Structure formats: structure tokens, C-alpha cells
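The data block below is target26.txt; it holds compact mmCIF, C-alpha atoms and all ligand atoms.
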# COMPACT_ATOMS: atom_id res chain seq x y z
CA MET C 268 304.19 190.53 57.00
CA LEU C 269 305.79 188.94 59.99
CA THR C 270 309.52 188.24 59.73
CA PHE C 271 311.71 186.00 61.82
CA GLU C 272 315.46 186.06 62.33
CA VAL C 273 318.15 184.68 64.59
CA CYS C 274 320.18 187.45 66.23
CA ASN C 275 323.24 185.42 67.16
CA GLN C 276 324.25 181.98 66.00
CA SER C 277 327.56 180.15 65.74
CA GLU C 278 328.41 178.10 62.64
CA GLU C 279 328.30 174.99 64.79
CA THR C 280 324.73 175.77 65.96
CA GLU C 281 323.71 176.52 62.36
CA ARG C 282 325.06 173.12 61.33
CA ARG C 283 323.21 171.30 64.14
CA LEU C 284 320.04 173.23 63.32
CA ALA C 285 320.27 172.16 59.68
CA ALA C 286 320.58 168.52 60.80
CA LEU C 287 317.57 168.82 63.14
CA MET C 288 315.52 170.46 60.40
CA GLN C 289 316.41 167.65 58.04
CA GLU C 290 315.56 164.99 60.61
CA ASN C 291 312.07 166.38 61.39
CA ARG C 292 310.86 167.41 57.94
CA GLU C 293 308.22 164.70 57.99
CA ILE C 294 306.65 166.36 61.07
CA LEU C 295 306.30 169.61 59.12
CA THR C 296 304.65 167.83 56.20
CA LEU C 297 302.22 166.08 58.52
CA ALA C 298 301.38 169.32 60.34
CA GLN C 299 300.79 171.12 57.06
CA THR C 300 298.14 168.61 56.02
CA GLY C 301 296.85 167.99 59.55
CA GLU C 302 297.30 164.61 61.19
CA ALA C 303 294.32 162.29 61.42
CA CYS C 304 295.25 161.42 65.02
CA HIS C 305 294.68 165.08 65.99
CA ALA C 306 291.67 165.70 63.75
CA ASP C 307 289.47 166.49 66.77
CA SER C 308 291.79 169.42 67.69
CA LEU C 309 292.74 170.86 64.30
CA GLY C 310 289.69 172.98 63.49
CA TRP C 311 291.95 176.06 63.59
CA LEU C 312 294.36 174.82 60.90
CA ASP C 313 292.15 176.14 58.10
CA THR C 314 290.74 179.52 59.17
CA LYS C 315 287.86 179.05 56.74
CA GLU C 316 286.37 176.29 58.90
CA TRP C 317 285.26 178.57 61.78
CA ALA C 318 286.01 182.05 60.44
CA GLY C 319 284.70 181.96 56.89
CA ASP C 320 282.66 184.79 55.36
CA ALA C 321 279.28 183.62 56.66
CA ALA C 322 280.56 183.20 60.22
CA LEU C 323 282.21 186.62 60.14
CA ALA C 324 279.06 188.29 58.84
CA GLU C 325 277.00 186.71 61.62
CA LEU C 326 279.47 187.81 64.30
CA GLU C 327 279.70 191.33 62.88
CA ALA C 328 275.91 191.67 62.88
CA LEU C 329 275.64 190.55 66.50
CA ALA C 330 278.54 192.81 67.51
CA ALA C 331 276.90 195.78 65.76
CA GLU C 332 273.69 195.18 67.69
CA ILE C 333 275.61 195.03 70.97
CA ARG C 334 277.65 198.12 70.11
CA ALA C 335 274.44 200.02 69.38
CA ASN C 336 272.88 199.14 72.74
CA ALA C 337 275.59 198.45 75.30
CA ASP C 338 277.88 200.59 77.43
CA ALA C 339 279.57 197.52 78.88
CA PHE C 340 280.14 193.97 77.68
CA VAL C 341 281.22 191.34 80.19
CA LEU C 342 283.45 188.63 78.76
CA ILE C 343 283.06 185.66 81.11
CA GLY C 344 285.79 183.12 80.41
CA VAL C 345 289.11 181.78 81.58
CA GLY C 346 292.32 180.70 79.83
CA GLY C 347 291.72 179.94 76.17
CA SER C 348 288.20 181.33 76.47
CA ASN C 349 289.40 184.87 77.12
CA ASN C 350 293.13 185.37 76.47
CA ALA C 351 293.08 185.89 72.69
CA ALA C 352 290.22 188.37 72.75
CA ARG C 353 291.70 190.22 75.70
CA SER C 354 295.10 190.56 74.05
CA VAL C 355 293.57 192.22 70.98
CA ILE C 356 291.06 194.33 72.88
CA GLU C 357 293.60 195.69 75.36
CA ALA C 358 296.05 196.46 72.55
CA LEU C 359 293.69 197.99 70.01
CA GLN C 360 290.59 199.36 71.69
CA THR C 361 290.77 203.09 71.15
CA ASP C 362 287.35 204.13 69.91
CA GLY C 363 285.84 204.88 73.32
CA GLY C 364 283.00 202.47 72.46
CA VAL C 365 281.75 199.60 74.57
CA GLU C 366 283.75 199.01 77.74
CA ILE C 367 284.91 195.40 77.96
CA ILE C 368 284.88 193.97 81.47
CA TYR C 369 286.40 190.58 82.33
CA ALA C 370 284.87 187.96 84.62
CA GLY C 371 285.09 184.22 85.07
CA ASN C 372 288.84 184.24 85.54
CA THR C 373 288.84 184.58 89.33
CA LEU C 374 287.00 183.25 92.36
CA SER C 375 287.99 186.20 94.55
CA PRO C 376 284.84 187.80 96.04
CA HIS C 377 286.70 191.11 96.24
CA ALA C 378 287.44 191.06 92.50
CA MET C 379 283.92 189.87 91.68
CA ASN C 380 282.25 192.58 93.77
CA ARG C 381 284.49 195.17 92.16
CA MET C 382 283.51 193.89 88.71
CA LEU C 383 279.79 194.09 89.64
CA ARG C 384 280.21 197.66 90.89
CA ARG C 385 281.67 198.63 87.50
CA LEU C 386 278.37 197.61 85.88
CA GLU C 387 276.18 199.94 87.89
CA GLY C 388 274.28 202.48 85.83
CA LYS C 389 275.51 201.00 82.54
CA SER C 390 273.67 199.20 79.79
CA VAL C 391 275.20 195.71 80.07
CA TYR C 392 275.50 192.67 77.79
CA ILE C 393 277.26 189.48 78.86
CA ASP C 394 278.86 186.56 77.01
CA CYS C 395 279.76 183.38 78.90
CA ILE C 396 282.40 181.45 76.95
CA ALA C 397 283.12 177.91 78.08
CA LYS C 398 283.95 174.81 76.10
CA ASN C 399 283.50 172.62 79.13
CA PHE C 400 280.76 174.28 81.16
CA GLU C 401 281.95 172.38 84.24
CA THR C 402 284.82 174.87 84.63
CA LEU C 403 284.14 176.49 87.99
CA GLU C 404 285.37 180.06 87.46
CA PRO C 405 283.22 180.99 84.43
CA GLY C 406 280.30 178.79 85.54
CA ALA C 407 280.00 180.42 88.98
CA SER C 408 280.52 183.91 87.55
CA PHE C 409 277.83 183.33 84.92
CA ARG C 410 275.33 182.48 87.66
CA VAL C 411 276.20 185.65 89.60
CA LEU C 412 275.95 187.77 86.46
CA ARG C 413 272.68 186.21 85.28
CA GLN C 414 271.17 187.01 88.64
CA TYR C 415 272.47 190.57 88.37
CA MET C 416 270.93 190.88 84.90
CA ASP C 417 267.58 189.48 86.09
CA ARG C 418 267.54 192.01 88.93
CA VAL C 419 268.35 194.96 86.68
CA TYR C 420 266.53 194.09 83.44
CA GLY C 421 263.73 191.78 84.61
CA TYR C 422 261.80 190.31 81.68
CA ALA C 423 264.13 192.03 79.16
CA THR C 424 267.19 190.12 80.34
CA ALA C 425 267.31 187.35 77.73
CA GLY C 426 268.24 189.55 74.77
CA ARG C 427 271.31 190.78 76.63
CA ILE C 428 272.76 187.35 77.42
CA ILE C 429 274.95 185.38 75.05
CA ALA C 430 276.75 182.12 75.68
CA THR C 431 279.38 180.40 73.61
CA GLY C 432 279.48 176.65 74.22
CA THR C 433 279.63 173.33 72.43
CA ALA C 434 276.62 171.89 70.66
CA GLY C 435 274.62 169.64 72.98
CA SER C 436 276.21 171.03 76.16
CA THR C 437 274.44 172.07 79.39
CA LEU C 438 275.26 175.62 78.39
CA GLU C 439 273.33 175.24 75.16
CA ARG C 440 270.37 173.82 77.07
CA LEU C 441 270.46 176.75 79.50
CA CYS C 442 270.33 179.12 76.53
CA ARG C 443 267.48 177.32 74.79
CA ASP C 444 265.44 177.15 78.03
CA ASN C 445 265.91 180.85 78.79
CA GLY C 446 265.97 182.44 75.35
CA TYR C 447 269.64 183.50 75.46
CA THR C 448 271.64 183.83 72.24
CA PHE C 449 273.78 180.74 71.72
CA LEU C 450 277.01 180.70 69.71
CA GLU C 451 278.86 177.52 68.88
CA PHE C 452 282.25 176.89 70.48
CA PRO C 453 284.10 174.73 67.92
CA THR C 454 284.15 171.14 69.15
CA ASN C 455 287.31 170.49 67.17
CA ILE C 456 289.41 173.30 68.69
CA GLY C 457 290.85 173.46 72.22
CA GLY C 458 290.44 176.78 74.06
CA ARG C 459 293.93 178.19 73.52
CA TYR C 460 293.69 177.70 69.73
CA THR C 461 290.31 179.48 69.32
CA ALA C 462 291.35 183.06 68.53
CA MET C 463 289.93 182.79 65.01
CA SER C 464 286.46 181.54 65.95
CA SER C 465 283.36 182.93 67.68
CA VAL C 466 285.23 182.53 70.99
CA GLY C 467 287.81 185.20 70.20
CA LEU C 468 286.12 187.11 67.41
CA LEU C 469 282.81 188.20 68.96
CA PRO C 470 284.36 190.06 71.94
CA MET C 471 286.99 191.59 69.62
CA ALA C 472 284.27 192.83 67.25
CA VAL C 473 282.22 194.22 70.15
CA ALA C 474 285.31 196.20 71.14
CA GLY C 475 285.51 197.61 67.60
CA ALA C 476 288.43 195.52 66.29
CA ASP C 477 288.46 194.75 62.57
CA ILE C 478 287.95 190.99 62.72
CA ARG C 479 288.06 190.61 58.93
CA ALA C 480 291.56 192.09 58.91
CA LEU C 481 292.56 189.80 61.77
CA VAL C 482 291.32 186.68 60.01
CA SER C 483 292.93 187.79 56.77
CA GLY C 484 296.29 188.15 58.58
CA ALA C 485 295.87 184.66 59.98
CA ARG C 486 294.87 183.30 56.58
CA ASP C 487 297.90 184.82 54.84
CA MET C 488 300.09 183.27 57.51
CA GLN C 489 298.30 179.95 57.08
CA LEU C 490 298.95 179.98 53.33
CA THR C 491 302.63 180.68 53.96
CA LEU C 492 303.22 178.15 56.71
CA ARG C 493 301.22 175.32 55.20
CA THR C 494 302.88 175.52 51.81
CA ARG C 495 306.52 176.44 52.40
CA GLY C 496 309.15 173.74 52.70
CA PRO C 497 311.47 173.37 55.71
CA GLU C 498 314.12 175.85 54.53
CA GLU C 499 311.70 178.72 53.90
CA ASN C 500 309.27 177.98 56.71
CA MET C 501 309.84 180.39 59.59
CA ALA C 502 307.52 178.62 62.04
CA TYR C 503 309.35 175.35 61.40
CA ARG C 504 312.73 177.03 61.85
CA TYR C 505 311.56 178.59 65.12
CA ALA C 506 310.15 175.25 66.35
CA CYS C 507 313.44 173.48 65.53
CA LEU C 508 315.50 176.19 67.24
CA ARG C 509 313.44 175.87 70.42
CA ASN C 510 314.07 172.13 70.42
CA LEU C 511 317.77 172.64 69.78
CA TYR C 512 318.03 175.07 72.69
CA TYR C 513 316.08 172.60 74.82
CA CYS C 514 318.63 169.86 74.01
CA ASP C 515 321.37 172.34 74.96
CA GLY C 516 319.86 172.69 78.44
CA TYR C 517 317.82 175.88 78.07
CA ARG C 518 314.57 175.56 79.99
CA MET C 519 312.82 178.92 79.58
CA GLU C 520 311.79 181.10 76.69
CA MET C 521 311.23 184.78 77.37
CA LEU C 522 309.04 186.75 74.95
CA SER C 523 310.40 190.29 75.26
CA CYS C 524 308.93 193.48 73.93
CA PHE C 525 309.23 197.22 74.35
CA GLU C 526 305.57 197.94 73.54
CA PRO C 527 303.20 197.73 76.53
CA GLN C 528 300.36 197.17 74.04
CA PHE C 529 301.46 193.52 74.04
CA ARG C 530 300.84 193.13 77.81
CA TYR C 531 297.88 190.77 77.38
CA PHE C 532 299.27 189.07 74.30
CA TYR C 533 301.98 187.71 76.63
CA LYS C 534 299.28 185.96 78.64
CA TRP C 535 297.87 184.31 75.53
CA TRP C 536 301.36 183.27 74.41
CA ILE C 537 302.30 181.93 77.84
CA GLN C 538 299.14 179.83 78.02
CA LEU C 539 299.64 178.45 74.52
CA TRP C 540 303.12 177.16 75.25
CA ALA C 541 302.68 176.17 78.90
CA GLU C 542 299.57 174.04 78.36
CA SER C 543 300.67 172.64 75.02
CA GLU C 544 304.29 171.76 75.68
CA GLY C 545 304.61 171.44 79.46
CA LYS C 546 303.85 167.79 79.98
CA ASP C 547 305.42 164.34 80.40
CA GLY C 548 308.25 165.99 82.37
CA LYS C 549 309.23 168.12 79.36
CA GLY C 550 308.78 171.60 77.91
CA MET C 551 310.22 175.07 77.80
CA PHE C 552 308.76 177.33 80.54
CA PRO C 553 307.34 180.47 78.87
CA VAL C 554 307.83 183.84 80.55
CA SER C 555 307.36 187.42 79.42
CA GLY C 556 309.76 190.35 79.51
CA GLU C 557 307.88 193.61 79.70
CA PHE C 558 310.59 196.07 78.79
CA SER C 559 311.84 198.67 79.58
CA GLU C 560 310.35 198.15 83.04
CA GLU C 561 311.61 194.63 83.65
CA LEU C 562 315.11 195.40 82.41
CA HIS C 563 315.37 197.00 85.83
CA SER C 564 314.41 193.79 87.64
CA VAL C 565 314.82 190.50 85.77
CA GLY C 566 317.26 192.20 83.37
CA GLN C 567 319.96 191.51 85.96
CA PHE C 568 319.20 187.77 85.97
CA ILE C 569 319.01 187.55 82.18
CA GLN C 570 322.43 189.14 81.76
CA ASP C 571 324.19 187.60 84.70
CA GLY C 572 322.22 184.79 86.36
CA THR C 573 321.86 181.04 85.75
CA PRO C 574 322.07 180.56 81.96
CA MET C 575 318.77 178.76 81.49
CA LEU C 576 316.72 180.99 79.22
CA PHE C 577 316.71 182.14 75.64
CA GLU C 578 314.89 185.19 74.42
CA THR C 579 312.50 185.96 71.57
CA PHE C 580 312.15 189.68 70.91
CA LEU C 581 308.82 190.79 69.50
CA THR C 582 309.46 194.03 67.63
CA VAL C 583 307.48 196.54 65.55
CA ARG C 584 308.91 197.92 62.28
CA GLU C 585 306.82 201.01 61.61
CA GLN C 586 306.85 204.03 63.85
CA GLN C 587 303.39 204.09 65.35
CA ASP C 588 303.46 207.15 67.53
CA SER C 589 305.56 210.18 68.22
CA LEU C 590 306.60 212.26 71.20
CA ALA C 591 309.54 214.62 70.90
CA VAL C 592 311.81 215.65 73.75
CA LYS C 593 311.71 219.43 73.99
CA PRO C 594 314.41 221.77 75.33
CA ASP C 595 314.15 222.69 79.01
CA GLU C 596 316.13 225.41 80.75
CA ARG C 597 316.25 223.64 84.10
CA ALA C 598 319.36 221.49 84.40
CA ASP C 599 318.40 217.82 84.58
CA TYR C 600 321.31 216.46 82.49
CA PHE C 601 318.98 214.98 79.90
CA ASP C 602 319.85 217.52 77.22
CA TYR C 603 321.40 214.77 75.12
CA LEU C 604 317.84 213.67 74.34
CA GLU C 605 316.79 217.03 72.91
CA GLY C 606 315.25 216.84 69.44
CA LYS C 607 314.94 213.07 69.65
CA ASP C 608 311.64 211.27 69.48
CA PHE C 609 310.63 208.68 72.09
CA TRP C 610 310.18 206.23 69.21
CA GLU C 611 313.90 206.60 68.46
CA ILE C 612 314.83 206.42 72.14
CA ASN C 613 312.77 203.25 72.62
CA GLN C 614 314.43 201.74 69.52
CA ALA C 615 317.85 202.56 70.98
CA ALA C 616 316.90 200.74 74.18
CA LEU C 617 315.71 197.74 72.13
CA GLN C 618 318.88 197.53 70.01
CA ALA C 619 321.11 197.97 73.06
CA THR C 620 319.25 195.19 74.88
CA ILE C 621 319.53 192.79 71.96
CA ARG C 622 323.26 193.54 71.70
CA ALA C 623 323.83 193.06 75.43
CA HIS C 624 321.69 189.92 75.82
CA SER C 625 322.98 188.21 72.71
CA LYS C 626 326.47 188.17 74.23
CA LYS C 627 325.02 185.90 76.90
CA LEU C 628 322.10 183.87 75.54
CA PRO C 629 320.46 182.83 72.26
CA CYS C 630 318.26 185.65 70.95
CA LEU C 631 315.61 185.49 68.23
CA LYS C 632 313.62 188.29 66.66
CA LEU C 633 310.06 188.23 65.42
CA GLU C 634 308.97 191.46 63.78
CA VAL C 635 305.53 192.77 62.82
CA GLU C 636 305.03 195.67 60.46
CA ARG C 637 302.71 197.43 62.92
CA ILE C 638 300.39 196.63 65.84
CA ASP C 639 297.01 196.15 64.20
CA ALA C 640 294.34 193.50 63.77
CA TYR C 641 295.98 192.02 60.65
CA HIS C 642 299.27 191.44 62.46
CA PHE C 643 297.55 190.01 65.53
CA GLY C 644 296.04 187.44 63.14
CA GLN C 645 299.51 186.71 61.80
CA LEU C 646 300.94 186.29 65.30
CA PHE C 647 298.15 183.99 66.48
CA TYR C 648 298.52 181.69 63.50
CA PHE C 649 302.32 181.76 63.52
CA PHE C 650 302.57 180.74 67.18
CA GLN C 651 299.76 178.16 67.00
CA PHE C 652 301.39 176.42 64.05
CA ALA C 653 304.89 176.68 65.54
CA CYS C 654 303.61 175.30 68.83
CA TYR C 655 301.97 172.33 67.10
CA VAL C 656 305.23 171.52 65.29
CA SER C 657 307.46 172.17 68.30
CA CYS C 658 305.40 169.86 70.53
CA ARG C 659 305.50 167.12 67.93
CA ILE C 660 309.29 167.39 67.68
CA MET C 661 309.51 167.30 71.48
CA GLY C 662 307.24 164.25 71.51
CA VAL C 663 304.29 165.66 73.48
CA ASN C 664 300.61 166.05 72.59
CA PRO C 665 300.07 169.73 71.68
CA PHE C 666 296.33 169.68 72.31
CA ASP C 667 295.60 168.22 75.73
CA GLN C 668 296.22 169.58 79.23
CA PRO C 669 295.95 166.63 81.64
CA GLY C 670 297.92 168.46 84.35
CA VAL C 671 295.22 171.09 84.78
CA GLU C 672 292.75 168.42 85.84
CA ALA C 673 294.68 167.57 89.03
CA TYR C 674 293.78 170.75 90.92
CA LYS C 675 290.23 170.70 89.53
CA ARG C 676 289.59 167.20 90.88
CA ARG C 677 290.74 168.15 94.37
CA MET C 678 288.81 171.44 94.34
CA PHE C 679 285.60 169.72 93.24
CA GLU C 680 286.07 167.14 96.01
CA ALA C 681 286.60 169.88 98.58
CA LEU C 682 283.46 171.72 97.42
CA GLY C 683 281.30 168.59 97.37
CA LYS C 684 280.58 168.58 93.63
CA GLU C 685 278.54 165.58 92.51
CA PRO C 686 279.89 163.74 89.44
CA ALA C 687 278.13 164.93 86.23
CA GLY C 688 274.82 163.18 85.57
CA SER C 689 274.36 161.87 89.16
O1 LIG M 701 293.23 175.70 76.18
C1 LIG M 701 292.40 175.14 76.90
O2 LIG M 701 291.73 174.17 76.49
C2 LIG M 701 292.11 175.61 78.30
O3 LIG M 701 293.00 176.57 78.71
C3 LIG M 701 290.73 176.18 78.40
O4 LIG M 701 290.57 177.21 77.48
C4 LIG M 701 290.40 176.73 79.79
O5 LIG M 701 290.66 175.76 80.76
C5 LIG M 701 288.93 177.13 79.89
O6 LIG M 701 288.13 176.04 79.59
P1 LIG M 701 286.58 176.16 79.32
O7 LIG M 701 286.38 176.95 78.09
O8 LIG M 701 286.14 174.75 79.15
O9 LIG M 701 285.99 176.83 80.52
Can you present the structure in this file as C-alpha cells?
Ligand code: PA5
Amino acid sequence: MLTFEVCNQSEETERRLAALMQENREILTLAQTGEACHADSLGWLDTKEWAGDAALAELEALAAEIRANADAFVLIGVGGSNNAARSVIEALQTDGGVEIIYAGNTLSPHAMNRMLRRLEGKSVYIDCIAKNFETLEPGASFRVLRQYMDRVYGYATAGRIIATGTAGSTLERLCRDNGYTFLEFPTNIGGRYTAMSSVGLLPMAVAGADIRALVSGARDMQLTLRTRGPEENMAYRYACLRNLYYCDGYRMEMLSCFEPQFRYFYKWWIQLWAESEGKDGKGMFPVSGEFSEELHSVGQFIQDGTPMLFETFLTVREQQDSLAVKPDERADYFDYLEGKDFWEINQAALQATIRAHSKKLPCLKLEVERIDAYHFGQLFYFFQFACYVSCRIMGVNPFDQPGVEAYKRRMFEALGKEPAGS
């Protein structure tokens, strides 16, 4: 189970936190039941809605078919349509099965040509995931990849193409007209909240991740967060702390971790907070701290620079691997490490960093038992729920992203896109 603690807190901050938690308890109650005003975005609140037994069985069957026939699976999607799956796949894929290749997240011809070259000689399946099929990056990549598939597989192409879109969309029509497999993108969930739906779960299952364990982790977290009162509710406590730090002038939250397996989870986490909270001139800017490496770059700023960020350490309780330092006759002055395991050395670096940073800035700690599918489910649900509550306390809409439209409008103008339906 996930645990949450505050590493350093004065009595005065504890007192102010208690007052803030008291003041906003109604927001927690409303979030636990799901507010009617956000009903069109809360399809993730109960994991059973889009990741119940029947849905999981269907996704597992499709994934098994793909795993039996494919060497490579191209996940075409951007932002919420790829980040959750990618974070799990890049952390957990170890079985040497289907290679997952990403597309639809760039318009660079260099990157796209490189991606196409990786497909050569392989048995390929593709899945285009787009809630709004007007999004340029996945839409244009899907066209390029469909043409590649037609060239390579001719009449047998259709069975290798999957698309995940909303019911009634152009994407669905494209599938029906061409015999592609169509999966439903939940209409009542925005991209960044879709980890526990066909959007996140099919690519994870194709990569060999245990999606039942992931959903069960999310469900256990759901049961905890939607039933516990303010005092015992860790997501609520975390959301209130973020708002307290925000009032105190902190403007950035750094998610820091000593396990590179979380590299792509950072991207999911950053998107969740940036698009949900960063609006109306408000919000905490989310950044990641990939330690140890970045202790040797941004570590200087954290310890000694402008005091504008607080840190949330993501830690792992159970030792998950082992590498011992062996004796060596050649003098390198690292003999003090002899007999120690890199797990222990990495833990020492973590504890030292928390001690050093908590002298300077507020530090929180979120701990998972181990890095596996179950705990990814716990993390997804924990942060989604905390983000919903935190945004409501801050007074912003957690589920829209009007700012993203500004660049899209100008880009479409520049490229001569006709308005839809004209
Ligand atoms: O969270 C969101 O809604 C966005 O980040 C979307 O996921 C992202 O813009 C991709 O959108 P679409 O799936 O419509 O291509």
C-alpha cells in the first residue's frame, strides 16, 4: 500500500494545515461522491465503469492476439493518450515480448523516419489513440502509418490496425469503413485521467503488464480515498499541503526519485498537474528530479537558489535488485563501499538528500511497497484524486485545458486547415 508522510513541518504549519483541512472538508465530500457539474469528466472515479471485468477480459483477449502475432506495436498518441501506458511499459516491460514503439507525439520528420525504419522487417500492429481526432500529431502520424501498413501488408492490413476513439467520431467512421478494430475512448474521461481504461490498458497489456493487478491497485486506492474522512485521507492531506505551500509563495513542485524506472511516470505526472491546475493565472509548476543524476545539476538550485519549490520524494520500500561492491586491489579510494550493496548505497543517497533538502524547503514522501503493476494503479488513482481535490481548493477546473487550444488555433491557421464540417 502507498503511504504518505511529511518529512519536515513546524508546529505553526501543522496548525495552519489543520485549519485549511477543516475549511475545505466539503470539497473532499463532494469529490468522493463526484460532483454533478463535472459528471462528464468523472468516468475514472469508479474504476468499474471503464475497467470492469468484462472490459478487462476483452482487452486481454485482444492483447493476447497481438502478442501472438506481432514483433512491434506502435502506440500512436500524444499527452493523455500515451503517457500512462508509456510510464508503465517503460518501467515494467522485461519479458522481451512485443517491442512498443511510440508515434503521434512529434511532427519532426527526422523522428518519424527513424520510427518507420524501426518497423522494417518486423510484424507490426498499430493503435491510434485520440479522443479528439482533430489533434494534428496523432492524426498525421496515423495517416503515415496506415500507408506504411498498406504498402507492407496489402489486403491483410485491416486486422493489424486498431483505433481508440470516441463513439460517433471520424475515427470510428474510418475504422468502420476500413474494417479496423475500434475501441471506445471513454467520452466521460479527459485524456490525462484515462490510465484505467482501454486507452492506457491495451498498450500495457500488449507489453505484458498485468492490467488486472494495476486496476486492482487503483480500486483499492479508490476505496480508501473515497471513504476516508479528512484526517485519515492522504490524498486530501497532500492536496491541502500543496495549497498551503502555494499560499506561502511556493510555485513549483518537484517529484524526486532515485529509481530511473519512474522516468516516464514523471511525464504522466507533469501532464496531470500542468494541464489540470495551471490555469486562470494560478497553479504549481510541476517538475521532475531524476536523481542521482540531477543532484549534480539542479541539486545546486534546490539547496541554494531562489526558494520557490517544494519537493515530493517518491520512494520504494522493498529492495528490488541487488549488486554488491566487490574488493579490488587497484587503489581507487572507494574501498569504503566494499561489501555494501548498491541498494543500500542508493538508499543512503536518498536519506542524505531528504535530510539536506528538508533544511531548506518543504519535503513530502510518498512510498510504494515495490515497483509493479499494482502500485502503478495505486499511484495513478492517488494522484488523479489528489489533483481533482487540489484544483477544487485552488478554485480551478481540474478537467479542461483551454490554454492548449491557443497554439493549436494558430497552427491550424498557418497550415490552412478548414473548420470541421466545411
Ligand atoms: O488530457 C488531455 O485531455 C490532453 O492532454 C489530451 O490527452 C491530449 O491533448 C491528446 O488529445 P487527443 O486524445 O484528443 O489527441
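Near ligand LIG 701 (chain M), the residues found within 8 Å are C:Gly344, C:Val345, C:Gly346, C:Gly347, C:Ser348, C:Asn349, C:Ile396, C:Ala397, C:Lys398, C:Asn399, C:Phe400, C:Glu401, C:Thr402, C:Leu403, C:Glu404, C:Pro405, C:Gly406, C:Gly432, C:Gly457, C:Gly458, C:Arg459, C:Tyr460, C:Gln538, C:Leu539, C:Glu542, C:Phe666, C:Asp667, C:Gln668, C:Val671 (criterion computed using only C-alpha atoms and all ligand atoms).
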Suppose we keep C-alpha atoms; can you now write the selection as a PDB file, in the frame of the given file?
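As written to disk, result_33.pdb reads:
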ATOM      1  CA  GLY C 344     285.790 183.120  80.410  1.00  0.00           C
ATOM      2  CA  VAL C 345     289.110 181.780  81.580  1.00  0.00           C
ATOM      3  CA  GLY C 346     292.320 180.700  79.830  1.00  0.00           C
ATOM      4  CA  GLY C 347     291.720 179.940  76.170  1.00  0.00           C
ATOM      5  CA  SER C 348     288.200 181.330  76.470  1.00  0.00           C
ATOM      6  CA  ASN C 349     289.400 184.870  77.120  1.00  0.00           C
ATOM      7  CA  ILE C 396     282.400 181.450  76.950  1.00  0.00           C
ATOM      8  CA  ALA C 397     283.120 177.910  78.080  1.00  0.00           C
ATOM      9  CA  LYS C 398     283.950 174.810  76.100  1.00  0.00           C
ATOM     10  CA  ASN C 399     283.500 172.620  79.130  1.00  0.00           C
ATOM     11  CA  PHE C 400     280.760 174.280  81.160  1.00  0.00           C
ATOM     12  CA  GLU C 401     281.950 172.380  84.240  1.00  0.00           C
ATOM     13  CA  THR C 402     284.820 174.870  84.630  1.00  0.00           C
ATOM     14  CA  LEU C 403     284.140 176.490  87.990  1.00  0.00           C
ATOM     15  CA  GLU C 404     285.370 180.060  87.460  1.00  0.00           C
ATOM     16  CA  PRO C 405     283.220 180.990  84.430  1.00  0.00           C
ATOM     17  CA  GLY C 406     280.300 178.790  85.540  1.00  0.00           C
ATOM     18  CA  GLY C 432     279.480 176.650  74.220  1.00  0.00           C
ATOM     19  CA  GLY C 457     290.850 173.460  72.220  1.00  0.00           C
ATOM     20  CA  GLY C 458     290.440 176.780  74.060  1.00  0.00           C
ATOM     21  CA  ARG C 459     293.930 178.190  73.520  1.00  0.00           C
ATOM     22  CA  TYR C 460     293.690 177.700  69.730  1.00  0.00           C
ATOM     23  CA  GLN C 538     299.140 179.830  78.020  1.00  0.00           C
ATOM     24  CA  LEU C 539     299.640 178.450  74.520  1.00  0.00           C
ATOM     25  CA  GLU C 542     299.570 174.040  78.360  1.00  0.00           C
ATOM     26  CA  PHE C 666     296.330 169.680  72.310  1.00  0.00           C
ATOM     27  CA  ASP C 667     295.600 168.220  75.730  1.00  0.00           C
ATOM     28  CA  GLN C 668     296.220 169.580  79.230  1.00  0.00           C
ATOM     29  CA  VAL C 671     295.220 171.090  84.780  1.00  0.00           C
TER      30      VAL C 671
END
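Closest approach to Val466 in chain C from the set C:Trp311, C:Phe643, C:Arg443, C:Gly496 is made by C:Trp311, with distances taken over only C-alpha atoms.
Closest approach to Val663 in chain C from the set C:Met551, C:Met575, C:Val365, C:Val565 is made by C:Met551, with distances taken over all atoms listed in the file.
For the atom pair formed by CA of Gly310 in chain C and CA of Thr494 in chain C, the distance is 17.8 Å, given to one decimal.
Checking C:Leu590, C:Met521, C:Ala331, C:Cys654 one by one against Trp540 in chain C, counting all atoms listed in the file, you find the shortest gap at C:Cys654.
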Residue rebuild result range 420-424 of chain C, all heavy atoms as a CSV table (one decimal), in the frame of the given file:
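Here's the written file rebuild.csv:
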chain,number,residue,atom,x,y,z
C,420,TYR,N,267.3,194.0,84.7
C,420,TYR,CA,266.5,194.1,83.4
C,420,TYR,C,265.2,193.3,83.4
C,420,TYR,O,264.4,193.4,82.5
C,420,TYR,CB,267.4,193.6,82.2
C,420,TYR,CG,268.6,194.5,82.1
C,420,TYR,CD1,269.9,194.0,82.5
C,420,TYR,CD2,268.6,195.8,81.6
C,420,TYR,CE1,271.0,194.8,82.4
C,420,TYR,CE2,269.7,196.6,81.5
C,420,TYR,CZ,270.9,196.0,81.9
C,420,TYR,OH,272.0,196.8,81.8
C,421,GLY,N,265.0,192.5,84.5
C,421,GLY,CA,263.7,191.8,84.6
C,421,GLY,C,263.4,191.0,83.4
C,421,GLY,O,264.3,190.2,82.9
C,422,TYR,N,262.2,191.1,82.8
C,422,TYR,CA,261.8,190.3,81.7
C,422,TYR,C,262.6,190.6,80.4
C,422,TYR,O,262.7,189.8,79.5
C,422,TYR,CB,260.3,190.5,81.4
C,422,TYR,CG,260.0,191.9,80.8
C,422,TYR,CD1,260.0,192.1,79.4
C,422,TYR,CD2,259.8,193.0,81.6
C,422,TYR,CE1,259.8,193.4,78.9
C,422,TYR,CE2,259.6,194.2,81.1
C,422,TYR,CZ,259.5,194.4,79.7
C,422,TYR,OH,259.3,195.7,79.2
C,423,ALA,N,263.4,191.7,80.4
C,423,ALA,CA,264.1,192.0,79.2
C,423,ALA,C,265.6,191.5,79.2
C,423,ALA,O,266.4,191.8,78.4
C,423,ALA,CB,264.2,193.5,79.0
C,424,THR,N,265.8,190.6,80.2
C,424,THR,CA,267.2,190.1,80.3
C,424,THR,C,267.7,189.3,79.2
C,424,THR,O,268.8,189.5,78.7
C,424,THR,CB,267.3,189.2,81.6
C,424,THR,OG1,267.0,190.0,82.7
C,424,THR,CG2,268.6,188.5,81.7
